[in-house]
>>> print(open('final.csv').read())   # CSV, C-alpha atoms and all ligand atoms
chain,number,residue,atom,x,y,z
A,75,MET,CA,-3.3,2.6,-14.6
A,76,HIS,CA,-1.8,2.6,-11.2
A,77,LEU,CA,1.9,3.0,-10.7
A,78,SER,CA,3.6,2.6,-7.3
A,79,PRO,CA,4.7,5.7,-5.4
A,80,THR,CA,8.3,4.5,-5.7
A,81,VAL,CA,8.2,4.5,-9.4
A,82,THR,CA,6.4,7.8,-9.7
A,83,SER,CA,9.0,9.4,-7.4
A,84,ILE,CA,11.9,8.7,-9.8
A,85,VAL,CA,12.8,9.9,-13.3
A,86,GLU,CA,14.2,8.1,-16.3
A,87,PRO,CA,18.0,8.7,-16.5
A,88,ALA,CA,18.5,11.9,-18.6
A,89,THR,CA,21.5,10.2,-20.3
A,90,LEU,CA,19.3,7.3,-21.5
A,91,LEU,CA,16.5,9.6,-22.4
A,92,MET,CA,18.7,11.7,-24.8
A,93,ALA,CA,20.2,8.5,-26.3
A,94,ARG,CA,16.7,7.2,-26.9
A,95,ARG,CA,15.7,10.5,-28.6
A,96,SER,CA,18.8,10.4,-30.8
A,97,ARG,CA,18.0,6.9,-31.9
A,98,GLU,CA,14.4,8.0,-32.8
A,99,LEU,CA,15.6,10.9,-34.8
A,100,ARG,CA,18.2,8.8,-36.6
A,101,ALA,CA,15.4,6.3,-37.5
A,102,GLN,CA,13.6,9.2,-39.1
A,103,GLY,CA,16.7,9.8,-41.3
A,104,ARG,CA,18.2,12.7,-39.3
A,105,ASP,CA,22.0,13.0,-39.1
A,106,ILE,CA,22.6,13.0,-35.3
A,107,ILE,CA,25.9,13.2,-33.6
A,108,ASP,CA,25.4,11.6,-30.2
A,109,LEU,CA,27.6,12.9,-27.4
A,110,SER,CA,25.1,12.0,-24.7
A,111,LEU,CA,26.2,8.6,-23.6
A,112,GLY,CA,29.1,7.8,-21.3
A,113,GLU,CA,30.4,5.0,-23.5
A,114,PRO,CA,33.9,4.7,-24.8
A,115,ASP,CA,34.0,4.6,-28.6
A,116,HIS,CA,37.1,2.3,-28.4
A,117,ASP,CA,36.9,-1.4,-29.2
A,118,PRO,CA,37.3,-3.7,-26.2
A,119,PRO,CA,40.8,-5.1,-25.8
A,120,PRO,CA,41.3,-8.3,-27.9
A,121,PHE,CA,42.2,-10.4,-24.9
A,122,ALA,CA,38.8,-9.7,-23.4
A,123,LEU,CA,37.0,-10.9,-26.6
A,124,GLU,CA,39.3,-14.0,-26.8
A,125,ALA,CA,38.4,-14.8,-23.1
A,126,ALA,CA,34.7,-14.7,-24.1
A,127,HIS,CA,35.2,-17.1,-27.0
A,128,GLU,CA,37.2,-19.4,-24.7
A,129,ALA,CA,34.5,-19.3,-22.0
A,130,LEU,CA,31.8,-20.3,-24.5
A,131,ARG,CA,33.7,-23.6,-24.9
A,132,GLY,CA,34.0,-24.2,-21.2
A,133,PRO,CA,31.5,-25.2,-18.5
A,134,TRP,CA,30.2,-21.7,-17.9
A,135,HIS,CA,26.5,-22.0,-18.8
A,136,LYS,CA,24.7,-22.5,-15.4
A,137,TYR,CA,23.6,-20.2,-12.7
A,138,THR,CA,26.6,-18.4,-11.1
A,139,PRO,CA,27.2,-17.9,-7.3
A,140,VAL,CA,25.2,-14.7,-6.3
A,141,ASN,CA,28.4,-12.8,-5.3
A,142,GLY,CA,30.4,-14.1,-8.3
A,143,TYR,CA,32.8,-17.0,-9.1
A,144,ALA,CA,35.4,-17.4,-6.3
A,145,ASP,CA,38.3,-17.2,-8.7
A,146,VAL,CA,36.9,-14.0,-10.2
A,147,ARG,CA,36.5,-12.4,-6.8
A,148,GLN,CA,40.1,-13.4,-6.0
A,149,ALA,CA,41.3,-11.8,-9.2
A,150,ILE,CA,39.3,-8.6,-8.3
A,151,ALA,CA,40.9,-8.7,-4.8
A,152,ASN,CA,44.3,-9.0,-6.4
A,153,LYS,CA,43.6,-6.0,-8.7
A,154,PHE,CA,42.4,-3.9,-5.7
A,155,GLU,CA,45.7,-4.7,-4.0
A,156,ARG,CA,47.9,-4.1,-7.1
A,157,ASP,CA,46.3,-0.9,-8.3
A,158,ASN,CA,44.7,0.6,-5.2
A,159,GLY,CA,46.6,-0.6,-2.2
A,160,LEU,CA,43.4,-2.1,-0.8
A,161,ARG,CA,43.4,-5.4,0.9
A,162,TYR,CA,40.0,-7.2,0.5
A,163,SER,CA,39.5,-10.9,0.9
A,164,PRO,CA,37.4,-12.6,-1.9
A,165,GLU,CA,34.5,-12.7,0.6
A,166,GLN,CA,34.5,-8.9,0.7
A,167,ILE,CA,34.0,-8.7,-3.1
A,168,VAL,CA,30.6,-8.8,-4.9
A,169,VAL,CA,30.3,-9.0,-8.6
A,170,SER,CA,27.2,-7.5,-10.1
A,171,THR,CA,25.4,-6.7,-13.4
A,172,GLY,CA,27.1,-3.4,-13.9
A,173,ALA,CA,28.4,-0.8,-11.4
A,174,LYS,CA,24.9,0.6,-11.5
A,175,GLN,CA,23.7,-2.5,-9.7
A,176,SER,CA,26.7,-2.5,-7.3
A,177,ILE,CA,25.7,1.0,-6.2
A,178,MET,CA,22.0,0.1,-5.9
A,179,ASN,CA,23.0,-2.9,-3.8
A,180,VAL,CA,24.9,-0.5,-1.5
A,181,VAL,CA,22.1,2.0,-1.2
A,182,MET,CA,19.5,-0.8,-0.5
A,183,SER,CA,21.8,-2.4,2.0
A,184,LEU,CA,22.5,0.8,4.1
A,185,CYS,CA,19.6,3.2,3.5
A,186,GLY,CA,15.9,3.3,4.1
A,187,PRO,CA,13.1,5.7,4.9
A,188,GLY,CA,14.2,8.4,7.3
A,189,ASP,CA,17.9,8.1,6.2
A,190,GLU,CA,19.8,10.8,4.3
A,191,VAL,CA,22.4,10.4,1.7
A,192,VAL,CA,24.8,13.3,1.0
A,193,ILE,CA,25.7,13.7,-2.6
A,194,PRO,CA,28.3,16.3,-3.6
A,195,ALA,CA,27.0,17.8,-6.9
A,196,PRO,CA,27.3,17.7,-9.8
A,197,TYR,CA,26.9,13.9,-9.5
A,198,TRP,CA,26.1,10.9,-11.7
A,199,VAL,CA,22.4,11.0,-12.5
A,200,SER,CA,21.5,7.7,-11.0
A,201,TYR,CA,22.7,8.4,-7.4
A,202,SER,CA,19.8,10.5,-6.4
A,203,GLU,CA,17.2,8.3,-8.0
A,204,GLN,CA,18.7,5.1,-6.5
A,205,VAL,CA,18.5,6.8,-3.1
A,206,ARG,CA,14.8,7.6,-3.7
A,207,LEU,CA,14.2,4.0,-4.8
A,208,ALA,CA,15.4,2.9,-1.4
A,209,GLY,CA,13.0,5.3,0.2
A,210,ALA,CA,15.8,7.5,1.6
A,211,THR,CA,16.4,11.2,1.0
A,212,PRO,CA,19.2,12.5,-1.3
A,213,VAL,CA,20.8,15.7,0.1
A,214,LEU,CA,22.6,17.5,-2.6
A,215,VAL,CA,25.6,19.7,-1.9
A,216,THR,CA,26.1,22.1,-4.8
A,217,SER,CA,29.3,23.6,-6.3
A,218,THR,CA,30.3,25.9,-9.1
A,219,LEU,CA,32.5,25.9,-12.1
A,220,GLU,CA,34.8,28.3,-10.1
A,221,GLU,CA,35.2,25.6,-7.5
A,222,ASP,CA,36.2,23.1,-10.2
A,223,TRP,CA,32.8,21.5,-9.6
A,224,LYS,CA,33.9,20.3,-6.2
A,225,PRO,CA,32.0,21.5,-3.1
A,226,PRO,CA,34.4,22.7,-0.4
A,227,ILE,CA,34.7,20.4,2.6
A,228,GLU,CA,32.9,22.9,4.9
A,229,ARG,CA,29.8,22.7,2.7
A,230,ILE,CA,29.9,18.9,2.7
A,231,ALA,CA,30.4,18.8,6.5
A,232,LYS,CA,27.4,21.1,7.0
A,233,ALA,CA,25.1,18.8,5.1
A,234,ILE,CA,25.9,15.8,7.4
A,235,THR,CA,23.3,15.2,10.1
A,236,PRO,CA,22.7,12.3,12.6
A,237,ARG,CA,20.4,10.9,9.9
A,238,THR,CA,23.2,10.7,7.2
A,239,ARG,CA,24.0,7.1,6.5
A,240,LEU,CA,26.0,7.4,3.3
A,241,LEU,CA,28.0,9.8,1.2
A,242,MET,CA,28.4,9.0,-2.5
A,243,PHE,CA,30.8,10.5,-5.0
A,244,SER,CA,32.7,9.6,-8.1
A,245,SER,CA,36.3,10.6,-8.7
A,246,PRO,CA,37.1,11.2,-11.5
A,247,CYS,CA,33.6,12.6,-11.6
A,248,ASN,CA,30.9,12.0,-14.1
A,249,PRO,CA,29.7,14.6,-15.2
A,250,SER,CA,32.5,17.2,-14.5
A,251,GLY,CA,35.7,15.2,-15.1
A,252,SER,CA,37.0,16.7,-11.8
A,253,VAL,CA,39.4,14.6,-9.7
A,254,LEU,CA,39.6,14.9,-6.0
A,255,SER,CA,43.2,15.5,-4.8
A,256,ARG,CA,44.9,13.7,-2.0
A,257,THR,CA,44.3,16.7,0.3
A,258,GLU,CA,40.6,16.9,-0.6
A,259,LEU,CA,40.2,13.1,0.0
A,260,GLU,CA,42.1,13.4,3.3
A,261,GLU,CA,39.8,16.3,4.4
A,262,LEU,CA,36.8,14.2,3.6
A,263,ALA,CA,38.2,11.3,5.6
A,264,THR,CA,38.7,13.6,8.6
A,265,VAL,CA,35.0,14.6,8.4
A,266,VAL,CA,33.8,11.0,7.9
A,267,ALA,CA,35.9,9.8,10.9
A,268,GLN,CA,34.0,12.3,13.1
A,269,HIS,CA,30.6,10.7,12.3
A,270,GLU,CA,30.0,7.2,13.5
A,271,GLY,CA,27.6,5.3,11.3
A,272,LEU,CA,28.5,7.3,8.2
A,273,TYR,CA,29.7,5.3,5.2
A,274,VAL,CA,31.1,6.3,1.9
A,275,MET,CA,30.4,4.9,-1.6
A,276,ALA,CA,33.6,5.7,-3.6
A,277,ASP,CA,32.8,5.2,-7.3
A,278,GLU,CA,36.1,4.7,-9.0
A,279,ILE,CA,34.8,3.5,-12.4
A,280,TYR,CA,37.0,6.1,-14.2
A,281,GLU,CA,40.2,5.3,-12.2
A,282,HIS,CA,42.2,4.5,-15.3
A,283,ILE,CA,41.1,7.7,-17.1
A,284,VAL,CA,43.1,10.3,-15.1
A,285,PHE,CA,45.2,12.7,-17.1
A,286,GLU,CA,47.3,14.4,-14.5
A,287,GLY,CA,48.6,12.8,-11.3
A,288,GLU,CA,47.6,9.4,-9.9
A,289,HIS,CA,44.2,8.0,-8.9
A,290,LEU,CA,43.9,7.6,-5.2
A,291,SER,CA,41.3,5.2,-3.6
A,292,PHE,CA,39.4,6.8,-0.7
A,293,ALA,CA,39.4,3.4,1.2
A,294,SER,CA,43.3,3.5,1.2
A,295,LEU,CA,43.3,6.4,3.6
A,296,PRO,CA,43.9,5.6,7.3
A,297,GLY,CA,40.7,4.3,9.0
A,298,MET,CA,38.6,4.5,5.8
A,299,ALA,CA,38.6,0.8,4.7
A,300,GLU,CA,36.1,0.1,7.4
A,301,ARG,CA,33.9,3.0,6.2
A,302,THR,CA,34.1,2.7,2.5
A,303,ILE,CA,32.5,0.7,-0.3
A,304,THR,CA,34.7,0.9,-3.4
A,305,VAL,CA,32.8,0.5,-6.6
A,306,ASN,CA,34.3,-0.2,-10.0
A,307,GLY,CA,33.5,-2.1,-13.2
A,308,LEU,CA,34.5,-3.1,-16.8
A,309,SER,CA,32.4,-0.6,-18.7
A,310,LYS,CA,34.8,2.4,-19.0
A,311,ALA,CA,38.3,1.0,-18.6
A,312,PHE,CA,37.7,-2.0,-20.9
A,313,ALA,CA,35.0,-0.4,-23.1
A,314,LEU,CA,32.7,-3.3,-22.2
A,315,THR,CA,29.5,-1.4,-21.4
A,316,GLY,CA,27.3,-4.1,-22.9
A,317,TRP,CA,28.8,-7.0,-20.9
A,318,ARG,CA,27.3,-5.4,-17.7
A,319,ILE,CA,29.9,-6.2,-15.1
A,320,GLY,CA,30.5,-4.1,-12.0
A,321,TYR,CA,32.1,-5.0,-8.7
A,322,LEU,CA,32.6,-3.7,-5.2
A,323,GLY,CA,34.9,-4.2,-2.3
A,324,ALA,CA,33.5,-3.5,1.2
A,325,PRO,CA,33.6,-4.4,4.9
A,326,LEU,CA,32.4,-8.0,5.1
A,327,TRP,CA,29.0,-7.3,6.7
A,328,ILE,CA,28.2,-4.8,3.9
A,329,ALA,CA,29.4,-7.2,1.2
A,330,GLN,CA,27.2,-9.9,2.7
A,331,ALA,CA,24.2,-7.5,2.7
A,332,CYS,CA,24.8,-6.6,-0.9
A,333,THR,CA,24.8,-10.3,-1.8
A,334,LYS,CA,21.5,-10.7,0.0
A,335,VAL,CA,19.9,-7.8,-1.9
A,336,GLN,CA,21.3,-9.0,-5.2
A,337,GLY,CA,20.0,-12.5,-4.5
A,338,GLN,CA,16.5,-11.2,-4.7
A,339,PHE,CA,17.0,-9.1,-7.8
A,340,THR,CA,19.2,-10.7,-10.4
A,341,SER,CA,21.2,-13.5,-8.7
A,342,GLY,CA,24.8,-13.9,-9.9
A,343,ALA,CA,26.1,-11.9,-12.8
A,344,ASN,CA,26.4,-13.3,-16.4
A,345,SER,CA,28.8,-16.3,-16.5
A,346,ILE,CA,30.7,-15.5,-19.7
A,347,ALA,CA,31.1,-11.9,-18.7
A,348,GLN,CA,32.6,-13.0,-15.4
A,349,ARG,CA,35.2,-15.1,-17.2
A,350,VAL,CA,36.1,-12.0,-19.2
A,351,THR,CA,36.3,-10.1,-15.9
A,352,LYS,CA,39.0,-12.4,-14.6
A,353,VAL,CA,41.2,-11.8,-17.6
A,354,CYS,CA,40.6,-8.0,-17.4
A,355,MET,CA,41.5,-7.9,-13.8
A,356,GLU,CA,44.8,-9.8,-14.5
A,357,ALA,CA,45.7,-7.6,-17.4
A,358,ASP,CA,48.4,-5.0,-17.0
A,359,PRO,CA,46.7,-1.6,-16.7
A,360,ALA,CA,49.6,-0.1,-18.7
A,361,GLN,CA,47.7,-1.5,-21.7
A,362,LEU,CA,45.1,1.2,-21.2
A,363,ALA,CA,47.5,4.1,-21.9
A,364,PRO,CA,46.5,4.6,-25.6
A,365,MET,CA,42.9,5.0,-24.6
A,366,ARG,CA,43.9,7.5,-21.9
A,367,SER,CA,46.0,9.5,-24.3
A,368,ASP,CA,43.1,9.6,-26.9
A,369,PHE,CA,40.8,11.0,-24.2
A,370,ARG,CA,43.4,13.5,-23.2
A,371,ARG,CA,43.8,14.8,-26.7
A,372,ARG,CA,40.1,15.1,-27.1
A,373,ARG,CA,39.7,16.9,-23.8
A,374,ASP,CA,42.1,19.5,-25.0
A,375,LEU,CA,40.3,19.8,-28.4
A,376,MET,CA,36.9,20.1,-26.6
A,377,VAL,CA,38.0,22.6,-24.0
A,378,LYS,CA,39.3,24.8,-26.9
A,379,ALA,CA,36.1,24.3,-28.9
A,380,VAL,CA,33.9,25.3,-25.9
A,381,SER,CA,35.9,28.4,-25.3
A,382,THR,CA,35.1,29.7,-28.9
A,383,ILE,CA,31.4,29.8,-28.1
A,384,PRO,CA,30.6,33.2,-26.8
A,385,GLY,CA,29.6,33.1,-23.1
A,386,TRP,CA,30.3,29.4,-22.6
A,387,ARG,CA,32.9,28.5,-20.0
A,388,CYS,CA,34.3,25.3,-18.7
A,389,ASN,CA,37.0,23.9,-16.3
A,390,VAL,CA,39.8,21.7,-17.6
A,391,PRO,CA,38.8,18.3,-16.4
A,392,GLN,CA,41.5,16.0,-15.1
A,393,GLY,CA,39.8,12.7,-15.8
A,394,ALA,CA,36.9,10.7,-17.3
A,395,PHE,CA,35.6,11.8,-20.7
A,396,TYR,CA,33.1,14.6,-20.0
A,397,LEU,CA,33.0,18.3,-20.1
A,398,LEU,CA,30.4,20.3,-18.1
A,399,PRO,CA,30.3,23.8,-19.6
A,400,ASP,CA,28.4,26.6,-17.9
A,401,VAL,CA,26.0,27.7,-20.6
A,402,ARG,CA,23.8,30.1,-18.7
A,403,THR,CA,24.4,32.9,-21.3
A,404,SER,CA,22.5,30.8,-23.8
A,405,ILE,CA,19.5,30.5,-21.5
A,406,ASP,CA,17.3,33.6,-21.9
A,407,GLY,CA,14.4,32.4,-19.7
A,408,LYS,CA,11.9,33.0,-22.6
A,409,ILE,CA,12.6,30.8,-25.6
A,410,ILE,CA,15.3,28.7,-23.8
A,411,LYS,CA,14.1,28.4,-20.2
A,412,GLY,CA,16.7,26.1,-18.9
A,413,SER,CA,19.3,23.5,-19.7
A,414,VAL,CA,16.6,21.0,-20.7
A,415,ASP,CA,15.3,23.4,-23.3
A,416,LEU,CA,18.8,24.1,-24.5
A,417,SER,CA,19.6,20.4,-25.0
A,418,LEU,CA,16.4,19.9,-27.0
A,419,TYR,CA,17.1,23.0,-29.1
A,420,LEU,CA,20.6,21.7,-29.9
A,421,LEU,CA,19.3,18.3,-30.8
A,422,ASP,CA,16.7,19.8,-33.1
A,423,THR,CA,18.7,22.6,-34.7
A,424,ALA,CA,22.2,21.2,-34.6
A,425,GLY,CA,21.5,17.5,-34.6
A,426,VAL,CA,23.8,17.1,-31.6
A,427,SER,CA,22.8,15.2,-28.6
A,428,LEU,CA,24.1,16.5,-25.3
A,429,VAL,CA,22.6,16.0,-21.8
A,430,GLU,CA,21.1,18.8,-19.8
A,431,GLY,CA,23.0,19.5,-16.6
A,432,LYS,CA,19.9,19.7,-14.3
A,433,SER,CA,19.7,16.0,-13.8
A,434,PHE,CA,23.3,16.0,-12.6
A,435,GLY,CA,22.6,18.7,-10.0
A,436,ALA,CA,24.1,21.5,-12.1
A,437,GLU,CA,21.3,23.6,-13.8
A,438,GLY,CA,22.7,26.0,-16.3
A,439,THR,CA,25.2,23.4,-17.7
A,440,LEU,CA,25.3,20.8,-20.4
A,441,ARG,CA,27.2,17.5,-20.2
A,442,ILE,CA,29.2,16.7,-23.3
A,443,SER,CA,30.7,13.2,-23.6
A,444,TYR,CA,33.8,13.3,-25.8
A,445,ALA,CA,33.9,9.6,-26.3
A,446,ALA,CA,33.7,10.0,-30.1
A,447,SER,CA,36.2,10.4,-32.9
A,448,ASP,CA,38.1,13.8,-33.2
A,449,ALA,CA,36.3,14.4,-36.6
A,450,LYS,CA,32.9,13.9,-35.0
A,451,LEU,CA,33.7,16.1,-32.1
A,452,ILE,CA,35.0,18.9,-34.3
A,453,GLU,CA,31.9,18.7,-36.5
A,454,ALA,CA,29.5,18.5,-33.5
A,455,MET,CA,31.1,21.6,-31.9
A,456,GLN,CA,30.9,23.6,-35.2
A,457,ARG,CA,27.2,22.7,-35.4
A,458,VAL,CA,26.6,23.6,-31.8
A,459,ALA,CA,28.4,27.0,-32.2
A,460,SER,CA,26.3,27.9,-35.2
A,461,ALA,CA,23.0,26.9,-33.5
A,462,ILE,CA,24.0,29.0,-30.5
A,463,ALA,CA,24.8,31.9,-32.8
A,464,GLN,CA,21.3,31.7,-34.2
A,465,LEU,CA,19.7,32.3,-30.7
A,466,PRO,CA,18.4,35.8,-30.2
A,467,GLY,CA,21.1,37.7,-28.3
A,501,LIG,N1,29.2,5.2,-12.0
A,501,LIG,C1,29.5,6.2,-12.9
A,501,LIG,C2,30.1,7.5,-12.3
A,501,LIG,C3,29.2,6.2,-14.2
A,501,LIG,O1,29.5,7.2,-15.0
A,501,LIG,C4,28.6,5.0,-14.7
A,501,LIG,C5,28.1,4.9,-16.1
A,501,LIG,O2,28.0,5.8,-16.8
A,501,LIG,C6,28.3,3.9,-13.8
A,501,LIG,C7,28.7,4.1,-12.5
A,501,LIG,C8,27.6,2.7,-14.2
A,501,LIG,O3,28.4,1.8,-14.9
A,501,LIG,P1,28.0,0.4,-15.4
A,501,LIG,O4,27.9,0.5,-16.9
A,501,LIG,O5,29.0,-0.5,-14.9
A,501,LIG,O6,26.6,0.1,-14.8
>>> encode(input="final.csv", output="structure tokens")
Amino acid sequence: MHLSPTVTSIVEPATLLMARRSRELRAQGRDIIDLSLGEPDHDPPPFALEAAHEALRGPWHKYTPVNGYADVRQAIANKFERDNGLRYSPEQIVVSTGAKQSIMNVVMSLCGPGDEVVIPAPYWVSYSEQVRLAGATPVLVTSTLEEDWKPPIERIAKAITPRTRLLMFSSPCNPSGSVLSRTELEELATVVAQHEGLYVMADEIYEHIVFEGEHLSFASLPGMAERTITVNGLSKAFALTGWRIGYLGAPLWIAQACTKVQGQFTSGANSIAQRVTKVCMEADPAQLAPMRSDFRRRRDLMVKAVSTIPGWRCNVPQGAFYLLPDVRTSIDGKIIKGSVDLSLYLLDTAGVSLVEGKSFGAEGTLRISYAASDAKLIEAMQRVASAIAQLPG
């Protein structure tokens, strides 16, 4: 058996690994509450499903243009202008098979061996592995709970070298739920402006799940449109994870490079899902308010539940649907050696699937996805609390 050095250099996403383990245990008859996946438990909006039915009756069964149907890209450009104040032409938009592919396209387009990519941590698991897949080097900039899981700008600036090609972040952040403020984004823009040849991948897939204040697009800051690739998708806002649609807006030369990369991997994204995308882009974002208020209520419920577990501490996330408690007091170094061990212990003892924080660049934490019903969340946290109480003090 011979695997390539590229494949051996990367790991399976911790999120997918835990979801797979949960499914296996369920198949054995165990009662597992799965809080490992970043997947809204809401149904997709009816208008999206109607659009899919409609598309099946239309002429949408052949290969699609690599960068997406022209009218879908126009609808995305209109959405960027309406919601984010960003002016992209349809040629600057690329539609992909999930935001994950959009990000991979960006990394492959801009980075190669010898290049560095600065990733403020905690970060979404795939960033570091996608950088490795491209042969480049991820440079992690750590932060703490006390810093609201946001590395201070001086620490980020220090990590930038002449080899840095890209800086990648999500705001709201998966896994911490932290949201970068206008001031923090402006500070970042000032640093980026000082480094010619440095680009930013702003992952805004949780833009509609912000509880306090407004979402601000990094590319809308003065001078940043030329330096930024804005990534978004249907998975979170429209609860359409399985339809696999992501999209990006970028300077033309980067969008063209992304199209070139994608042309060799998957070609154009699924035709029916693209027709659905058009309708989602044209929908009034005000329709997403009920989902946002559900997540807000669950955030409050979960922050309270975490605070009842002795030693566990968390921030109050301003967006997304995750909590990243610091659980170091439950890691004794002997039976539970780290967050990986703790997640396996909780899966086994409590039947609750959470993701270890190490893969997100935050050892000593667990990521809890609260995209589940209130009843399930309450039961999960009761089970977790009693499993933690059983650990030798
Ligand atoms: N970016 C972030 C921050 C995410 O959390 C996710 C999914 O969990 C993605 C990108 C990928 O989304 P998609 O389902 O569109 O590939």
>>> residues_around(input="final.csv", residues="region 416-427 of chain A", least_positions_apart="3", cutoff="7 Å", atoms="only C-alpha atoms", output="PyMOL selection string")
chain A and resi 92+96+105-110+410+412-413+430+454+457-458+461
>>> residues_near_ligand(input="final.csv", ligand="ligand LIG 501 (chain A)", cutoff="9 Å", atoms="only C-alpha atoms and all ligand atoms", output="PyMOL selection string")
chain A and resi 89+111-113+170-177+197-201+243-249+277-280+305-310+314-321+394
>>> write_last_selection(input="final.csv", atoms="C-alpha atoms", output="mmCIF file, keeping the file's coordinate frame")
data_model
loop_
_atom_site.group_PDB
_atom_site.id
_atom_site.type_symbol
_atom_site.label_atom_id
_atom_site.label_comp_id
_atom_site.auth_asym_id
_atom_site.auth_seq_id
_atom_site.Cartn_x
_atom_site.Cartn_y
_atom_site.Cartn_z
ATOM 1 C CA THR A 89 21.500 10.200 -20.300
ATOM 2 C CA LEU A 111 26.200 8.600 -23.600
ATOM 3 C CA GLY A 112 29.100 7.800 -21.300
ATOM 4 C CA GLU A 113 30.400 5.000 -23.500
ATOM 5 C CA SER A 170 27.200 -7.500 -10.100
ATOM 6 C CA THR A 171 25.400 -6.700 -13.400
ATOM 7 C CA GLY A 172 27.100 -3.400 -13.900
ATOM 8 C CA ALA A 173 28.400 -0.800 -11.400
ATOM 9 C CA LYS A 174 24.900 0.600 -11.500
ATOM 10 C CA GLN A 175 23.700 -2.500 -9.700
ATOM 11 C CA SER A 176 26.700 -2.500 -7.300
ATOM 12 C CA ILE A 177 25.700 1.000 -6.200
ATOM 13 C CA TYR A 197 26.900 13.900 -9.500
ATOM 14 C CA TRP A 198 26.100 10.900 -11.700
ATOM 15 C CA VAL A 199 22.400 11.000 -12.500
ATOM 16 C CA SER A 200 21.500 7.700 -11.000
ATOM 17 C CA TYR A 201 22.700 8.400 -7.400
ATOM 18 C CA PHE A 243 30.800 10.500 -5.000
ATOM 19 C CA SER A 244 32.700 9.600 -8.100
ATOM 20 C CA SER A 245 36.300 10.600 -8.700
ATOM 21 C CA PRO A 246 37.100 11.200 -11.500
ATOM 22 C CA CYS A 247 33.600 12.600 -11.600
ATOM 23 C CA ASN A 248 30.900 12.000 -14.100
ATOM 24 C CA PRO A 249 29.700 14.600 -15.200
ATOM 25 C CA ASP A 277 32.800 5.200 -7.300
ATOM 26 C CA GLU A 278 36.100 4.700 -9.000
ATOM 27 C CA ILE A 279 34.800 3.500 -12.400
ATOM 28 C CA TYR A 280 37.000 6.100 -14.200
ATOM 29 C CA VAL A 305 32.800 0.500 -6.600
ATOM 30 C CA ASN A 306 34.300 -0.200 -10.000
ATOM 31 C CA GLY A 307 33.500 -2.100 -13.200
ATOM 32 C CA LEU A 308 34.500 -3.100 -16.800
ATOM 33 C CA SER A 309 32.400 -0.600 -18.700
ATOM 34 C CA LYS A 310 34.800 2.400 -19.000
ATOM 35 C CA LEU A 314 32.700 -3.300 -22.200
ATOM 36 C CA THR A 315 29.500 -1.400 -21.400
ATOM 37 C CA GLY A 316 27.300 -4.100 -22.900
ATOM 38 C CA TRP A 317 28.800 -7.000 -20.900
ATOM 39 C CA ARG A 318 27.300 -5.400 -17.700
ATOM 40 C CA ILE A 319 29.900 -6.200 -15.100
ATOM 41 C CA GLY A 320 30.500 -4.100 -12.000
ATOM 42 C CA TYR A 321 32.100 -5.000 -8.700
ATOM 43 C CA ALA A 394 36.900 10.700 -17.300
#
>>> residues_around(input="final.csv", residues="His135 (chain A)", least_positions_apart="2", cutoff="12 Å", atoms="all atoms listed in the file", output="count of residues only")
14
>>> closest_residue(input="final.csv", among="A:Asp115, A:Glu437, A:Glu286, A:Asp374", to="Phe312 (chain A)", atoms="all atoms listed in the file")
A:Asp115
>>> atom_distance(input="final.csv", atom1="CA of Val274 (chain A)", atom2="CA of Asp157 (chain A)")
19.7 Å
>>> atom_distance(input="final.csv", atom1="CA of Gln204 (chain A)", atom2="CA of Val181 (chain A)")
7.0 Å
>>> residues_around(input="final.csv", residues="Met275 (chain A)", least_positions_apart="2", cutoff="6 Å", atoms="all atoms listed in the file", output="ChimeraX atom specification")
/A:242,302-303
>>> closest_residue(input="final.csv", among="A:Ala231, A:Phe434, A:Ile193, A:Pro114", to="Ser447 (chain A)", atoms="only C-alpha atoms")
A:Pro114
>>> atom_distance(input="final.csv", atom1="CA of Trp327 (chain A)", atom2="CA of Gln166 (chain A)")
8.3 Å
>>> residues_around(input="final.csv", residues="Glu270 (chain A)", least_positions_apart="2", cutoff="12 Å", atoms="all atoms listed in the file", output="VMD selection string")
chain A and resid 234 to 240 264 to 268 272 to 274 297 to 298 300 to 301
>>> closest_residue(input="final.csv", among="A:Ala149, A:Leu295, A:Ala195, A:Val390", to="Lys432 (chain A)", atoms="only C-alpha atoms")
A:Ala195
>>> closest_residue(input="final.csv", among="A:Asp368, A:Glu288, A:Glu203, A:Glu261", to="Ile84 (chain A)", atoms="all atoms listed in the file")
A:Glu203
>>> closest_residue(input="final.csv", among="A:Lys411, A:Val140, A:Arg94, A:Met455", to="Ser381 (chain A)", atoms="all atoms listed in the file")
A:Met455
>>> build_atoms(input="final.csv", residues="region 224-229 of chain A", atoms="N, CA and C atoms", output="mmCIF file, keeping the file's coordinate frame")
data_model
loop_
_atom_site.group_PDB
_atom_site.id
_atom_site.type_symbol
_atom_site.label_atom_id
_atom_site.label_comp_id
_atom_site.auth_asym_id
_atom_site.auth_seq_id
_atom_site.Cartn_x
_atom_site.Cartn_y
_atom_site.Cartn_z
ATOM 1 N N LYS A 224 33.711 21.077 -7.383
ATOM 2 C CA LYS A 224 33.900 20.300 -6.200
ATOM 3 C C LYS A 224 33.491 21.077 -4.976
ATOM 4 N N PRO A 225 32.416 20.685 -4.291
ATOM 5 C CA PRO A 225 32.000 21.500 -3.100
ATOM 6 C C PRO A 225 33.093 21.490 -2.069
ATOM 7 N N PRO A 226 33.379 22.675 -1.490
ATOM 8 C CA PRO A 226 34.400 22.700 -0.400
ATOM 9 C C PRO A 226 33.966 21.864 0.765
ATOM 10 N N ILE A 227 34.946 21.375 1.491
ATOM 11 C CA ILE A 227 34.700 20.400 2.600
ATOM 12 C C ILE A 227 33.721 20.965 3.630
ATOM 13 N N GLU A 228 33.803 22.294 3.888
ATOM 14 C CA GLU A 228 32.900 22.900 4.900
ATOM 15 C C GLU A 228 31.457 22.708 4.503
ATOM 16 N N ARG A 229 31.197 22.862 3.208
ATOM 17 C CA ARG A 229 29.800 22.700 2.700
ATOM 18 C C ARG A 229 29.334 21.285 2.863
#
